[in-house]
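K.L.:
Before I ask anything, let me first share the structure, which is written out below as structure tokens.
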Amino acid sequence: MAYRVKVIKRGNEKNFIRDIKKRMAHYDKGVEIFSRRTANYMARRVREGVRRKPSTGRLANSIKSYVTFGGGVTVADAGRKSDLPRYWAAVNYGGIIPGGGKFVRGSFDGEGPDAAFAGVPGGAGVRFKGYKRRRGGMRAKHFIHPMNYIEKTQAWFKLEWPLYIGNRMRKK
Amino acid sequence: MPYFTQSRNIELSTLAFLETNLNTDWSGITTVKTFKKAYDTSTPIPIVCCRLADTNNARLELGATTLENRYLIIVDIFTSSDAQRVDLSDYVVDKLRLGWIYNTYAHASGNKSVIEATPAGRVFVTNWIANTKIDLGEGADPKDRYRQTISVLVRKSS
């Protein structure tokens with residue numbers, strides 16, 4: 001890491017402090033912008049990773065950015081667990097849905113239970129909806145392919161953030 | 001195409017490296033490249049699943065047409081106990097930290113079912129992304145019960 005040492009003449013402290021404050025505000029704004037950009041990137045990776053379309057978009061839409069300032073520390077989050085649907089981990093890491101093999105009552109797009117299942121002609125493009133009172137339903141047997149949208153975003157962040165903030169602070 | 005692309009070479013080199021080391025230092029560990037094989041009922045745990053998840057393309061320098069790609073490698077570890085999960089993940093991290101041989105792969109002439117590896121550099125970890133226990137919640141499948149994921153960004157030596 002490189003440090004820049006600035007020597008100032010006595011009497012110029014006010015200007016110096018004003019300059020530091022300005023630069024910090026500029027940095028904080030950069031954090032805020034990049035936090036939004038990171039959340040958008042993560043949501044885009046989720047949308048791209050959908051294997052069976054159309055999707056509800058619930059997971060992608062629940063990824064939001066947050067920035068908190070205070071005590072000289074700026075913290076930015078992209079996607080908070082509390083906002084995400086319960087299945088965020090299964091979609092990211094892949095695996096078998098907990099309780100896999102359990103019979104779930106419902107049907108595809110509200111049709112009868114035999115109407116359209118995955119692998120059956122006409123099955124693609126329809127969505128399973130849970131109805132507790134239905135007699136029919138399905139048993140999830142296959143594992144979920146990992147989307148790894150979190151790791152992909154972290155990798156992107158590690159490469160892009162230093163470039164972004166470096167450029168931003170140089171321009172100031 | 002007679003030769004495999006760099007992305008496939010990176011993935012296969014990493015898989016071969018982990019498989020060789022795991023077979024030498026451990027016993028009974030299955031190394032696979034896909035989740036399909038990891039979740040196959042005929043594949044017993046412990047399993048190490050190593051795959052290329054993503055590629056980040058970046059210019060080598062301003063104005064250059066050459067790319068310096070970074071590859072996101074994800075290693076999923078499926079074990080039968082928490083202790084084994086920790087031991088195996090530590091072992092994998094320890095092996096990855098020093099880098100490994102980059103091979104170029106090609107089909108053997110006249111035999112497409114065999115691939116031949118030729119050493120052509122090294123692969124280095126540039127960023128450690130995550131090394132986390134995966135908790136899918138109550139009632140997780142036996143294969144998902146003691147899982148760890150390790151993700152790293154790597155590049156090929158120039």
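Chain labels A, B, ... are given in the sequence in which chains occur in the structure tokens; within each chain residues are numbered consecutively from 1, and ligands are likewise numbered from 1 in the order shown.
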From a backbone DSSP assignment, name each residue in range 9-166 of chain A labelled strand (DSSP E or B), as a VMD selection string.
P.N.:
chain A and resid 65 to 70 73 to 78 95 103 to 108 128 to 130 137 to 139 144
K.L.:
Any chance you could export the current selection's N, CA and C atoms as a PDB file, in the first residue's frame?
P.N.:
```pdb
ATOM      1  N   SER A  65     -29.090  -2.684  -2.146  1.00  0.00           N
ATOM      2  CA  SER A  65     -27.844  -2.190  -1.550  1.00  0.00           C
ATOM      3  C   SER A  65     -28.154  -1.281  -0.364  1.00  0.00           C
ATOM      4  N   TYR A  66     -27.272  -1.313   0.613  1.00  0.00           N
ATOM      5  CA  TYR A  66     -27.406  -0.478   1.805  1.00  0.00           C
ATOM      6  C   TYR A  66     -26.065   0.169   2.100  1.00  0.00           C
ATOM      7  N   VAL A  67     -26.084   1.401   2.494  1.00  0.00           N
ATOM      8  CA  VAL A  67     -24.847   2.058   2.917  1.00  0.00           C
ATOM      9  C   VAL A  67     -25.115   2.743   4.242  1.00  0.00           C
ATOM     10  N   THR A  68     -24.230   2.511   5.213  1.00  0.00           N
ATOM     11  CA  THR A  68     -24.371   3.196   6.500  1.00  0.00           C
ATOM     12  C   THR A  68     -23.091   3.972   6.788  1.00  0.00           C
ATOM     13  N   PHE A  69     -23.255   5.199   7.212  1.00  0.00           N
ATOM     14  CA  PHE A  69     -22.132   6.056   7.549  1.00  0.00           C
ATOM     15  C   PHE A  69     -22.136   6.283   9.059  1.00  0.00           C
ATOM     16  N   GLY A  70     -20.972   6.443   9.614  1.00  0.00           N
ATOM     17  CA  GLY A  70     -20.925   6.772  11.049  1.00  0.00           C
ATOM     18  C   GLY A  70     -19.596   6.428  11.660  1.00  0.00           C
ATOM     19  N   VAL A  73     -16.559   5.462   9.609  1.00  0.00           N
ATOM     20  CA  VAL A  73     -16.554   4.188   8.877  1.00  0.00           C
ATOM     21  C   VAL A  73     -17.759   4.142   7.938  1.00  0.00           C
ATOM     22  N   THR A  74     -17.532   3.717   6.725  1.00  0.00           N
ATOM     23  CA  THR A  74     -18.622   3.569   5.769  1.00  0.00           C
ATOM     24  C   THR A  74     -18.771   2.089   5.464  1.00  0.00           C
ATOM     25  N   VAL A  75     -19.965   1.581   5.677  1.00  0.00           N
ATOM     26  CA  VAL A  75     -20.200   0.152   5.434  1.00  0.00           C
ATOM     27  C   VAL A  75     -21.238   0.015   4.328  1.00  0.00           C
ATOM     28  N   ALA A  76     -20.911  -0.808   3.351  1.00  0.00           N
ATOM     29  CA  ALA A  76     -21.850  -1.032   2.248  1.00  0.00           C
ATOM     30  C   ALA A  76     -22.191  -2.509   2.170  1.00  0.00           C
ATOM     31  N   ASP A  77     -23.457  -2.803   1.979  1.00  0.00           N
ATOM     32  CA  ASP A  77     -23.926  -4.182   1.811  1.00  0.00           C
ATOM     33  C   ASP A  77     -24.635  -4.286   0.471  1.00  0.00           C
ATOM     34  N   ALA A  78     -24.483  -5.437  -0.132  1.00  0.00           N
ATOM     35  CA  ALA A  78     -25.296  -5.721  -1.318  1.00  0.00           C
ATOM     36  C   ALA A  78     -25.979  -7.048  -1.060  1.00  0.00           C
ATOM     37  N   GLY A  95     -27.632 -28.127  -4.371  1.00  0.00           N
ATOM     38  CA  GLY A  95     -27.858 -29.209  -3.412  1.00  0.00           C
ATOM     39  C   GLY A  95     -29.280 -29.695  -3.481  1.00  0.00           C
ATOM     40  N   PHE A 103     -43.262 -34.868  -0.548  1.00  0.00           N
ATOM     41  CA  PHE A 103     -44.328 -34.596  -1.504  1.00  0.00           C
ATOM     42  C   PHE A 103     -44.879 -33.192  -1.266  1.00  0.00           C
ATOM     43  N   VAL A 104     -44.851 -32.371  -2.316  1.00  0.00           N
ATOM     44  CA  VAL A 104     -45.366 -30.994  -2.188  1.00  0.00           C
ATOM     45  C   VAL A 104     -46.667 -30.891  -2.975  1.00  0.00           C
ATOM     46  N   ARG A 105     -47.721 -30.497  -2.306  1.00  0.00           N
ATOM     47  CA  ARG A 105     -49.019 -30.380  -2.992  1.00  0.00           C
ATOM     48  C   ARG A 105     -49.040 -29.131  -3.866  1.00  0.00           C
ATOM     49  N   GLY A 106     -49.618 -29.278  -5.045  1.00  0.00           N
ATOM     50  CA  GLY A 106     -49.726 -28.143  -5.956  1.00  0.00           C
ATOM     51  C   GLY A 106     -49.767 -28.623  -7.385  1.00  0.00           C
ATOM     52  N   SER A 107     -49.573 -27.699  -8.312  1.00  0.00           N
ATOM     53  CA  SER A 107     -49.578 -28.089  -9.722  1.00  0.00           C
ATOM     54  C   SER A 107     -48.833 -27.044 -10.548  1.00  0.00           C
ATOM     55  N   PHE A 108     -48.616 -27.371 -11.805  1.00  0.00           N
ATOM     56  CA  PHE A 108     -47.927 -26.448 -12.684  1.00  0.00           C
ATOM     57  C   PHE A 108     -48.913 -25.455 -13.282  1.00  0.00           C
ATOM     58  N   PHE A 128     -44.291 -24.276 -11.166  1.00  0.00           N
ATOM     59  CA  PHE A 128     -45.028 -25.043 -10.160  1.00  0.00           C
ATOM     60  C   PHE A 128     -45.563 -24.102  -9.089  1.00  0.00           C
ATOM     61  N   LYS A 129     -46.824 -24.284  -8.760  1.00  0.00           N
ATOM     62  CA  LYS A 129     -47.411 -23.462  -7.703  1.00  0.00           C
ATOM     63  C   LYS A 129     -47.949 -24.375  -6.609  1.00  0.00           C
ATOM     64  N   GLY A 130     -47.625 -24.026  -5.398  1.00  0.00           N
ATOM     65  CA  GLY A 130     -48.072 -24.859  -4.289  1.00  0.00           C
ATOM     66  C   GLY A 130     -49.507 -24.553  -3.895  1.00  0.00           C
ATOM     67  N   GLY A 137     -49.543 -33.247  -6.847  1.00  0.00           N
ATOM     68  CA  GLY A 137     -48.358 -32.467  -6.480  1.00  0.00           C
ATOM     69  C   GLY A 137     -47.111 -33.057  -7.097  1.00  0.00           C
ATOM     70  N   MET A 138     -45.998 -32.772  -6.505  1.00  0.00           N
ATOM     71  CA  MET A 138     -44.763 -33.352  -7.048  1.00  0.00           C
ATOM     72  C   MET A 138     -43.767 -33.648  -5.932  1.00  0.00           C
ATOM     73  N   ARG A 139     -42.830 -34.506  -6.279  1.00  0.00           N
ATOM     74  CA  ARG A 139     -41.780 -34.881  -5.342  1.00  0.00           C
ATOM     75  C   ARG A 139     -40.456 -34.457  -5.991  1.00  0.00           C
ATOM     76  N   ILE A 144     -30.436 -29.169  -6.970  1.00  0.00           N
ATOM     77  CA  ILE A 144     -30.450 -27.846  -7.603  1.00  0.00           C
ATOM     78  C   ILE A 144     -29.036 -27.540  -8.065  1.00  0.00           C
TER      79      ILE A 144
END
```
K.L.:
Taking 2 positions as the minimum chain separation for residues in the same chain, which residues sit within 8 Å of Ala155 in chain A when counting only C-alpha atoms? Answer as a PyMOL selection string.
P.N.:
(chain A and resi 151-153+157-159) or (chain B and resi 72+127+129+153)
K.L.:
Residues of chain B within 10 Å of chain A, using only C-alpha atoms, as a compact mmCIF listing (two decimals) with N, CA and C atoms, in the first residue's frame?
P.N.:
```txt
# COMPACT_ATOMS: atom_id res chain seq x y z
N THR B 34 -18.46 -32.47 -11.79
CA THR B 34 -19.83 -31.96 -11.92
C THR B 34 -20.68 -32.33 -10.70
N PHE B 35 -21.70 -31.52 -10.48
CA PHE B 35 -22.64 -31.80 -9.40
C PHE B 35 -23.44 -33.06 -9.70
N LYS B 36 -23.63 -33.31 -10.98
CA LYS B 36 -24.41 -34.50 -11.36
C LYS B 36 -23.72 -35.75 -10.82
N ALA B 38 -21.48 -35.76 -8.36
CA ALA B 38 -21.40 -35.68 -6.90
C ALA B 38 -22.69 -36.20 -6.26
N TYR B 39 -23.83 -35.90 -6.91
CA TYR B 39 -25.11 -36.32 -6.34
C TYR B 39 -25.58 -37.66 -6.85
N ASP B 40 -24.77 -38.30 -7.67
CA ASP B 40 -25.11 -39.63 -8.14
C ASP B 40 -25.13 -40.57 -6.93
N ALA B 53 -16.31 -21.96 -12.38
CA ALA B 53 -17.65 -21.36 -12.27
C ALA B 53 -17.81 -20.11 -13.13
N ASP B 54 -16.72 -19.39 -13.36
CA ASP B 54 -16.85 -18.11 -14.05
C ASP B 54 -15.49 -17.65 -14.59
N THR B 55 -15.53 -16.81 -15.59
CA THR B 55 -14.28 -16.23 -16.11
C THR B 55 -14.44 -14.72 -16.17
N ASN B 56 -13.44 -14.02 -15.65
CA ASN B 56 -13.44 -12.56 -15.74
C ASN B 56 -12.37 -12.15 -16.74
N ALA B 58 -10.08 -9.42 -18.55
CA ALA B 58 -9.56 -8.06 -18.35
C ALA B 58 -8.39 -7.86 -19.29
N ARG B 70 -9.06 -14.04 -15.36
CA ARG B 70 -9.08 -14.59 -14.01
C ARG B 70 -10.22 -15.60 -13.97
N TYR B 71 -9.93 -16.74 -13.41
CA TYR B 71 -10.91 -17.82 -13.41
C TYR B 71 -11.39 -18.08 -11.99
N LEU B 72 -12.70 -18.20 -11.86
CA LEU B 72 -13.27 -18.50 -10.55
C LEU B 72 -13.42 -20.02 -10.42
N ILE B 73 -12.59 -20.59 -9.56
CA ILE B 73 -12.64 -22.04 -9.33
C ILE B 73 -13.36 -22.28 -8.01
N ILE B 74 -14.34 -23.17 -8.04
CA ILE B 74 -15.07 -23.48 -6.80
C ILE B 74 -14.87 -24.96 -6.46
N ASP B 76 -16.20 -27.76 -3.96
CA ASP B 76 -17.21 -28.15 -2.97
C ASP B 76 -16.79 -29.45 -2.33
N ASN B 127 -6.77 -14.38 -5.64
CA ASN B 127 -7.68 -13.91 -4.57
C ASN B 127 -8.40 -15.10 -3.94
N TRP B 128 -8.48 -15.05 -2.63
CA TRP B 128 -9.27 -16.06 -1.90
C TRP B 128 -10.64 -15.45 -1.70
N ILE B 129 -11.64 -16.08 -2.27
CA ILE B 129 -12.99 -15.50 -2.21
C ILE B 129 -13.73 -15.97 -0.96
N ALA B 130 -13.83 -17.26 -0.77
CA ALA B 130 -14.58 -17.76 0.39
C ALA B 130 -14.12 -19.16 0.78
N ILE B 134 -21.42 -24.80 4.44
CA ILE B 134 -22.74 -24.58 3.84
C ILE B 134 -23.81 -25.19 4.72
N ASP B 135 -24.77 -24.35 5.06
CA ASP B 135 -25.85 -24.81 5.92
C ASP B 135 -27.16 -24.62 5.17
N LEU B 136 -27.71 -25.73 4.69
CA LEU B 136 -28.96 -25.62 3.95
C LEU B 136 -30.18 -25.73 4.87
N GLY B 137 -29.93 -25.81 6.15
CA GLY B 137 -31.05 -25.81 7.10
C GLY B 137 -31.44 -27.19 7.57
N GLU B 138 -32.53 -27.19 8.34
CA GLU B 138 -33.03 -28.44 8.92
C GLU B 138 -33.41 -29.44 7.84
N GLY B 139 -33.18 -30.70 8.12
CA GLY B 139 -33.61 -31.75 7.20
C GLY B 139 -32.80 -31.84 5.93
N ALA B 140 -31.54 -31.36 6.00
CA ALA B 140 -30.69 -31.40 4.79
C ALA B 140 -30.38 -32.85 4.41
N ASP B 141 -30.17 -33.06 3.14
CA ASP B 141 -29.83 -34.38 2.62
C ASP B 141 -28.50 -34.85 3.24
N PRO B 142 -28.28 -36.16 3.44
CA PRO B 142 -27.00 -36.62 4.01
C PRO B 142 -25.78 -36.08 3.27
N LYS B 143 -25.89 -35.90 1.97
CA LYS B 143 -24.74 -35.38 1.22
C LYS B 143 -24.50 -33.90 1.50
N ASP B 144 -25.53 -33.19 1.87
CA ASP B 144 -25.40 -31.74 2.12
C ASP B 144 -25.14 -31.42 3.58
N ARG B 145 -25.18 -32.43 4.43
CA ARG B 145 -25.13 -32.16 5.87
C ARG B 145 -23.79 -31.56 6.31
N ARG B 147 -21.00 -29.93 4.51
CA ARG B 147 -20.45 -29.41 3.24
C ARG B 147 -19.64 -28.16 3.46
N GLN B 148 -18.63 -27.99 2.65
CA GLN B 148 -17.80 -26.79 2.71
C GLN B 148 -17.58 -26.32 1.27
N THR B 149 -17.51 -25.03 1.09
CA THR B 149 -17.19 -24.54 -0.26
C THR B 149 -15.98 -23.61 -0.18
N ILE B 150 -15.07 -23.82 -1.10
CA ILE B 150 -13.87 -22.99 -1.18
C ILE B 150 -13.87 -22.37 -2.58
N SER B 151 -13.78 -21.04 -2.64
CA SER B 151 -13.75 -20.43 -3.97
C SER B 151 -12.52 -19.53 -4.08
N VAL B 152 -11.85 -19.66 -5.20
CA VAL B 152 -10.63 -18.88 -5.42
C VAL B 152 -10.61 -18.31 -6.84
N LEU B 153 -9.96 -17.17 -6.96
CA LEU B 153 -9.73 -16.60 -8.29
C LEU B 153 -8.30 -16.99 -8.68
```
K.L.:
So which residues of range 13-103 of chain A fall under helix (DSSP H, G or I) by DSSP, listed as number ranges by chain?
P.N.:
A: 13-48, 58-61, 81-83, 88-93
K.L.:
Could you tell me how far CA of Cys49 in chain B lies from CA of Leu67 in chain B, in Å and to one decimal?
P.N.:
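Going from CA of Cys49 in chain B over to CA of Leu67 in chain B covers 27.7 Å.
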K.L.:
Do a neighbour search on Ala25 in chain A at 12 Å with only C-alpha atoms, toss out local chain neighbours closer than 4 positions, and write the hits as a list in words.
P.N.:
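Final neighbour list, sorted by chain and number: Arg18, Asp19, Ile20, Lys21, Lys29, Gly30, Val31, Glu32, Phe69, Gly72, Val73, Thr74, Arg168, Met169 and Lys172 of chain A.
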K.L.:
Give me the residues near range 52-61 of chain A as a list of chain:residue names, where near means some atom within 7 Å (using only C-alpha atoms) and where sequence neighbours in that chain fewer than 6 positions away do not count.
P.N.:
A:Ala43, A:Val46, A:Leu84, A:Pro85, A:Gly125
K.L.:
For CA of Tyr146 in chain B and CA of Thr79 in chain B, quote the distance in Å rounded to one decimal.
P.N.:
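Computing the Euclidean distance for CA of Tyr146 in chain B and CA of Thr79 in chain B yields 5.4 Å.
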K.L.:
Quick check, in Å to one decimal: how far apart do CA of Arg37 in chain A and CA of Asp83 in chain A lie?
P.N.:
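Computing it gives 17.7 Å between the two atoms.
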K.L.:
Which of these residues is nearest to Ser89 in chain B, using only C-alpha atoms: B:Thr14, B:Arg155, B:Pro46, B:Ala108?
P.N.:
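Smallest distance to Ser89 in chain B is found for B:Pro46.
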